[in-house]
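Colleague: What follows is a structure written as structure tokens; I'll ask about it next.
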Amino acid sequence: MLSVSFQGARKLRRVLKSRSHRYSLNAAQRLLSEAEQYAIDHQFSEAIVMVIHGDNDESAFVDQLEFGKHLSYINNLIAVVQHTLSSELFSDYPAAEKKTFLDRLGQQLQSENKVQLATDTRSSDQEVHPEEPTSESPQLDDHLTQKQDPKEHIEEPDPAPLAVEQETSSARELIKDFLDPTPRKAPRVVTPEPHKAKLNKPHPRSLRLSATAIRRGFVVLGLLVACFTLFVVGHSVLSSANQPPTYSGLIANKEYLAAAKAYPTKRTVIENKLASAGSEKVLQKFVAAYPSDEGKFDLAFKQTKYSQVVDLSTKAKMTTLRKTMLAIAYVKTNQLDQAAVLNADLNSDKLSLVIALGYVHAARFDEATALNKTLNNKSLEKAIETGRIYQQAIEKYQRDANDKKKSAAERKSATANVEAFTHQLQTLGE
């Protein structure tokens, strides 16, 4: 089982809890996202060390993460590991081992997600309580089954729709005579006058007109509601159109120059983002539009102009990422001791491995062996042994090339061998 721990977090301590705490891969991935968002919200950056532990508690993977730098991959554990393994610091590792580790990481993450999903499903099922059936009151049946006079006949009204509310007692009094066809007293026959009869008789057309008026009222009300809705929506759309584009929206659309123009205070943040995750072409355009010593330093590193990187290091503001770039530039320009001094501050195992390989290429095997005592890297140990063999061959053929007792053909062959083994030594492990 793989687990993750974090070391060196000070400002992010409240998010990442304690240094010694171990997390499952799923929990660690959530903490990465929360820590990055916390650093961005509070406008600071901090470097921490993330360690992935293997089955025997060994360190299966170690990396230094930069929070608050708007790195595109920092929120995803697999993306962090994949980004690191694809860098040149791990170029000497076999591709099969990298793929095996990534597959194992992905499978365990997927397994943890399934377990969490099953737990959440069980919790949600327990929270659902079916509604208990309520027994109907027997009072209604008792009222309906009361003894009635068999001679008395009461005509039941048509059943009303379910949506109609129960009538009040005053309403029942008003319509009581209409529902009961058996009057209490014989009605007195009165012949109404013609004009009074006409006034008292309800006209069916007037009832139809009243229903039509009601329907028209509802139509008018619906139109008013529709017009009001259109007005509100239109006003909202116009207001949105008049609003300037947001910084996050411009960055999401990769409109970096427009974001830098609209938000000048964010130019350093944008440049740092392009330096860590942007392409060389995009960074070059940005530096041309908004030049800075930091932008020139980052661009020179992307263009592999390592001598310029060393020269610009005295002008640019050095972050942890730029210190790492400078250390690599020292190695590429064969300034290995300067790189080792810089790594004493960075304390990076990956950088120590690069410096050790640089010592091997320069035939400084004792320094490489000293570094490997802390790294205990089998691949580096094999490279040191092979490098010693190459160096012995170089020295032998160099003596033959300088030996005047040898024939011209032998000296020429020896010189060619010196060049061949020198090339093999200087590219060992790449």
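Residue numbering restarts at 1 for every chain of the structure tokens, chains are lettered A, B, ... in their displayed order, and ligands are numbered from 1 as they appear.
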From a DSSP pass on the backbone, collect the residues of segment 235-339 of chain A flagged as alpha helix (DSSP H) and hand them back as an MDAnalysis selection string.
Modeller: chainID A and resid 235:242 247:252 256:262 267:277 280:289 293:302 306:312 320:332 336:339
Colleague: Store the residues picked out above, limited to C-alpha atoms, as a PDB file, in the first residue's frame.
Modeller:
```
ATOM      1  CA  HIS A 235     -30.804  43.736 -18.138  1.00  0.00           C
ATOM      2  CA  SER A 236     -28.574  40.980 -16.719  1.00  0.00           C
ATOM      3  CA  VAL A 237     -27.122  40.176 -20.149  1.00  0.00           C
ATOM      4  CA  LEU A 238     -26.390  43.838 -20.876  1.00  0.00           C
ATOM      5  CA  SER A 239     -24.776  44.257 -17.471  1.00  0.00           C
ATOM      6  CA  SER A 240     -22.584  41.198 -18.068  1.00  0.00           C
ATOM      7  CA  ALA A 241     -21.581  42.483 -21.492  1.00  0.00           C
ATOM      8  CA  ASN A 242     -20.493  45.795 -20.006  1.00  0.00           C
ATOM      9  CA  TYR A 247      -8.394  37.767 -14.538  1.00  0.00           C
ATOM     10  CA  SER A 248      -9.307  34.114 -14.046  1.00  0.00           C
ATOM     11  CA  GLY A 249     -11.316  34.105 -17.270  1.00  0.00           C
ATOM     12  CA  LEU A 250      -8.426  35.512 -19.297  1.00  0.00           C
ATOM     13  CA  ILE A 251      -5.976  33.009 -17.813  1.00  0.00           C
ATOM     14  CA  ALA A 252      -8.388  30.125 -18.464  1.00  0.00           C
ATOM     15  CA  TYR A 256      -1.796  36.029 -21.049  1.00  0.00           C
ATOM     16  CA  LEU A 257      -0.887  39.302 -22.762  1.00  0.00           C
ATOM     17  CA  ALA A 258      -4.427  40.634 -22.338  1.00  0.00           C
ATOM     18  CA  ALA A 259      -4.422  39.579 -18.670  1.00  0.00           C
ATOM     19  CA  ALA A 260      -1.096  41.352 -18.084  1.00  0.00           C
ATOM     20  CA  LYS A 261      -2.428  44.511 -19.731  1.00  0.00           C
ATOM     21  CA  ALA A 262      -5.709  44.537 -17.800  1.00  0.00           C
ATOM     22  CA  ARG A 267       2.388  40.294 -14.412  1.00  0.00           C
ATOM     23  CA  THR A 268       4.892  38.622 -12.095  1.00  0.00           C
ATOM     24  CA  VAL A 269       2.397  35.857 -11.303  1.00  0.00           C
ATOM     25  CA  ILE A 270       1.683  35.318 -15.008  1.00  0.00           C
ATOM     26  CA  GLU A 271       5.395  35.196 -15.871  1.00  0.00           C
ATOM     27  CA  ASN A 272       6.036  32.640 -13.107  1.00  0.00           C
ATOM     28  CA  LYS A 273       3.174  30.516 -14.413  1.00  0.00           C
ATOM     29  CA  LEU A 274       4.579  30.565 -17.953  1.00  0.00           C
ATOM     30  CA  ALA A 275       8.087  29.834 -16.672  1.00  0.00           C
ATOM     31  CA  SER A 276       6.965  26.691 -14.861  1.00  0.00           C
ATOM     32  CA  ALA A 277       4.286  25.351 -17.198  1.00  0.00           C
ATOM     33  CA  GLU A 280       9.032  28.579 -24.855  1.00  0.00           C
ATOM     34  CA  LYS A 281       7.170  30.403 -27.644  1.00  0.00           C
ATOM     35  CA  VAL A 282       4.484  31.828 -25.334  1.00  0.00           C
ATOM     36  CA  LEU A 283       7.045  32.879 -22.717  1.00  0.00           C
ATOM     37  CA  GLN A 284       9.171  34.562 -25.398  1.00  0.00           C
ATOM     38  CA  LYS A 285       6.193  36.681 -26.542  1.00  0.00           C
ATOM     39  CA  PHE A 286       5.362  37.627 -22.976  1.00  0.00           C
ATOM     40  CA  VAL A 287       8.945  38.644 -22.129  1.00  0.00           C
ATOM     41  CA  ALA A 288       9.125  40.694 -25.340  1.00  0.00           C
ATOM     42  CA  ALA A 289       5.957  42.589 -24.341  1.00  0.00           C
ATOM     43  CA  ASP A 293      15.255  40.158 -15.432  1.00  0.00           C
ATOM     44  CA  GLU A 294      13.256  37.215 -14.105  1.00  0.00           C
ATOM     45  CA  GLY A 295      11.572  36.690 -17.479  1.00  0.00           C
ATOM     46  CA  LYS A 296      14.920  36.798 -19.314  1.00  0.00           C
ATOM     47  CA  PHE A 297      16.368  34.280 -16.845  1.00  0.00           C
ATOM     48  CA  ASP A 298      13.447  31.868 -17.276  1.00  0.00           C
ATOM     49  CA  LEU A 299      13.484  32.232 -21.060  1.00  0.00           C
ATOM     50  CA  ALA A 300      17.245  31.571 -21.257  1.00  0.00           C
ATOM     51  CA  PHE A 301      16.759  28.336 -19.313  1.00  0.00           C
ATOM     52  CA  LYS A 302      13.923  27.200 -21.613  1.00  0.00           C
ATOM     53  CA  TYR A 306      22.943  27.907 -19.754  1.00  0.00           C
ATOM     54  CA  SER A 307      25.773  30.443 -19.856  1.00  0.00           C
ATOM     55  CA  GLN A 308      23.178  33.246 -20.017  1.00  0.00           C
ATOM     56  CA  VAL A 309      21.324  31.641 -17.110  1.00  0.00           C
ATOM     57  CA  VAL A 310      24.483  31.863 -14.993  1.00  0.00           C
ATOM     58  CA  ASP A 311      25.077  35.504 -16.033  1.00  0.00           C
ATOM     59  CA  LEU A 312      21.456  36.574 -15.331  1.00  0.00           C
ATOM     60  CA  THR A 320      13.417  27.916  -5.227  1.00  0.00           C
ATOM     61  CA  LEU A 321      12.529  27.066  -8.818  1.00  0.00           C
ATOM     62  CA  ARG A 322      15.119  29.475 -10.234  1.00  0.00           C
ATOM     63  CA  LYS A 323      17.786  28.173  -7.834  1.00  0.00           C
ATOM     64  CA  THR A 324      17.129  24.712  -9.215  1.00  0.00           C
ATOM     65  CA  MET A 325      17.414  26.066 -12.775  1.00  0.00           C
ATOM     66  CA  LEU A 326      20.719  27.737 -11.869  1.00  0.00           C
ATOM     67  CA  ALA A 327      22.096  24.536 -10.339  1.00  0.00           C
ATOM     68  CA  ILE A 328      21.273  22.638 -13.535  1.00  0.00           C
ATOM     69  CA  ALA A 329      22.936  25.410 -15.560  1.00  0.00           C
ATOM     70  CA  TYR A 330      26.064  25.036 -13.397  1.00  0.00           C
ATOM     71  CA  VAL A 331      26.125  21.311 -14.158  1.00  0.00           C
ATOM     72  CA  LYS A 332      25.646  21.888 -17.897  1.00  0.00           C
ATOM     73  CA  LEU A 336      29.946  21.180 -10.578  1.00  0.00           C
ATOM     74  CA  ASP A 337      31.308  22.583  -7.320  1.00  0.00           C
ATOM     75  CA  GLN A 338      29.058  25.674  -7.628  1.00  0.00           C
ATOM     76  CA  ALA A 339      26.094  23.380  -8.224  1.00  0.00           C
TER      77      ALA A 339
END
```
Colleague: Write out as number ranges by chain which residues come within 8 Å of Thr369 of chain A when counting only C-alpha atoms, dropping same-chain ones fewer than 4 positions away.
Modeller: A: 356, 365, 373, 381, 384
Colleague: Report the distance between atom CA of Asn402 of chain A and atom CA of Leu357 of chain A in Å, rounded to one decimal place.
Modeller: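 According to the coordinates, atom CA of Asn402 of chain A and atom CA of Leu357 of chain A are separated by 29.2 Å.
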Colleague: Quick one: residues within 12 Å of Ala416 of chain A, only C-alpha atoms counted, chain neighbours fewer than 2 positions away excluded, as a tab-separated table (two decimals) with N, CA and C atoms, in the first residue's frame?
Modeller:
```tsv
chain	number	residue	atom	x	y	z
A	393	ALA	N	40.50	3.12	-20.12
A	393	ALA	CA	40.73	2.94	-21.56
A	393	ALA	C	41.21	4.24	-22.19
A	394	ILE	N	40.65	5.36	-21.78
A	394	ILE	CA	41.08	6.66	-22.33
A	394	ILE	C	42.55	6.90	-22.03
A	397	TYR	N	44.80	4.48	-24.22
A	397	TYR	CA	44.92	4.85	-25.64
A	397	TYR	C	45.58	6.22	-25.81
A	398	GLN	N	45.49	7.07	-24.77
A	398	GLN	CA	46.17	8.35	-24.85
A	398	GLN	C	47.68	8.15	-24.81
A	400	ASP	N	49.22	5.45	-25.90
A	400	ASP	CA	49.60	4.89	-27.21
A	400	ASP	C	49.63	5.98	-28.28
A	401	ALA	N	48.71	6.93	-28.19
A	401	ALA	CA	48.69	8.00	-29.19
A	401	ALA	C	49.91	8.90	-29.06
A	409	ALA	N	49.99	4.63	-38.06
A	409	ALA	CA	48.66	4.01	-38.10
A	409	ALA	C	48.18	3.66	-36.70
A	410	GLU	N	49.11	3.14	-35.85
A	410	GLU	CA	48.73	2.77	-34.50
A	410	GLU	C	48.37	4.01	-33.67
A	411	ARG	N	49.19	5.10	-33.86
A	411	ARG	CA	48.88	6.32	-33.11
A	411	ARG	C	47.53	6.92	-33.55
A	412	LYS	N	47.22	6.83	-34.86
A	412	LYS	CA	45.95	7.35	-35.35
A	412	LYS	C	44.77	6.54	-34.80
A	413	SER	N	44.94	5.21	-34.74
A	413	SER	CA	43.87	4.37	-34.19
A	413	SER	C	43.68	4.65	-32.70
A	414	ALA	N	44.79	4.85	-31.99
A	414	ALA	CA	44.69	5.13	-30.56
A	414	ALA	C	43.98	6.46	-30.31
A	418	VAL	N	40.55	7.19	-28.16
A	418	VAL	CA	40.44	8.18	-27.09
A	418	VAL	C	39.17	9.01	-27.26
A	419	GLU	N	38.91	9.47	-28.47
A	419	GLU	CA	37.72	10.28	-28.75
A	419	GLU	C	36.44	9.48	-28.51
A	420	ALA	N	36.43	8.21	-28.92
A	420	ALA	CA	35.23	7.38	-28.77
A	420	ALA	C	34.90	7.14	-27.29
A	421	PHE	N	35.92	6.75	-26.50
A	421	PHE	CA	35.66	6.47	-25.08
A	421	PHE	C	35.38	7.75	-24.29
A	422	THR	N	35.96	8.86	-24.71
A	422	THR	CA	35.66	10.13	-24.05
A	422	THR	C	34.19	10.49	-24.23
A	423	HIS	N	33.69	10.29	-25.46
A	423	HIS	CA	32.27	10.55	-25.74
A	423	HIS	C	31.39	9.63	-24.92
```
Colleague: Leaving out Tyr359 of chain A and any residue of its chain fewer than 6 positions from it, which residues lie within 12 Å of it when counting only C-alpha atoms, given as a PyMOL selection string?
Modeller: chain A and resi 331-332+334-337+339-340+352-353+365-372+380+383-384+387-388+425-429
Colleague: Fewer than 6 positions away in the same chain doesn't count, so skip those; otherwise give me all residues within 10 Å of Lys11 of chain A, counting only C-alpha atoms, as a CSV table (one decimal) with C-alpha atoms, in the first residue's frame.
Modeller:
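The new file result.csv reads:
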```csv
chain,number,residue,atom,x,y,z
A,35,ALA,CA,-3.2,23.6,0.0
A,38,TYR,CA,-5.2,28.1,0.4
A,39,ALA,CA,-1.8,29.5,-0.9
A,42,HIS,CA,-3.7,34.1,0.9
A,44,PHE,CA,1.9,33.4,-0.7
A,45,SER,CA,4.1,30.7,-2.0
A,46,GLU,CA,5.8,27.9,-0.2
A,47,ALA,CA,7.9,24.9,-1.1
```
Colleague: May I have the residues within 12 Å of Met50 of chain A as number ranges by chain, using only C-alpha atoms and disregarding those fewer than 4 positions away in the same chain?
Modeller: A: 3-9, 16, 19-23, 25, 28-29, 31-32, 59-67, 74, 77, 80-81, 84, 348
Colleague: Which distance in Å separates atom CA of Ser87 of chain A and atom CA of Gln108 of chain A, to one decimal?
Modeller: 23.7 Å
Colleague: Tell me, in Å to one decimal, how far atom CA of Met1 of chain A is from atom CA of Asp55 of chain A.
Modeller: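 Rounded to one decimal, the two atoms are 5.2 Å apart.
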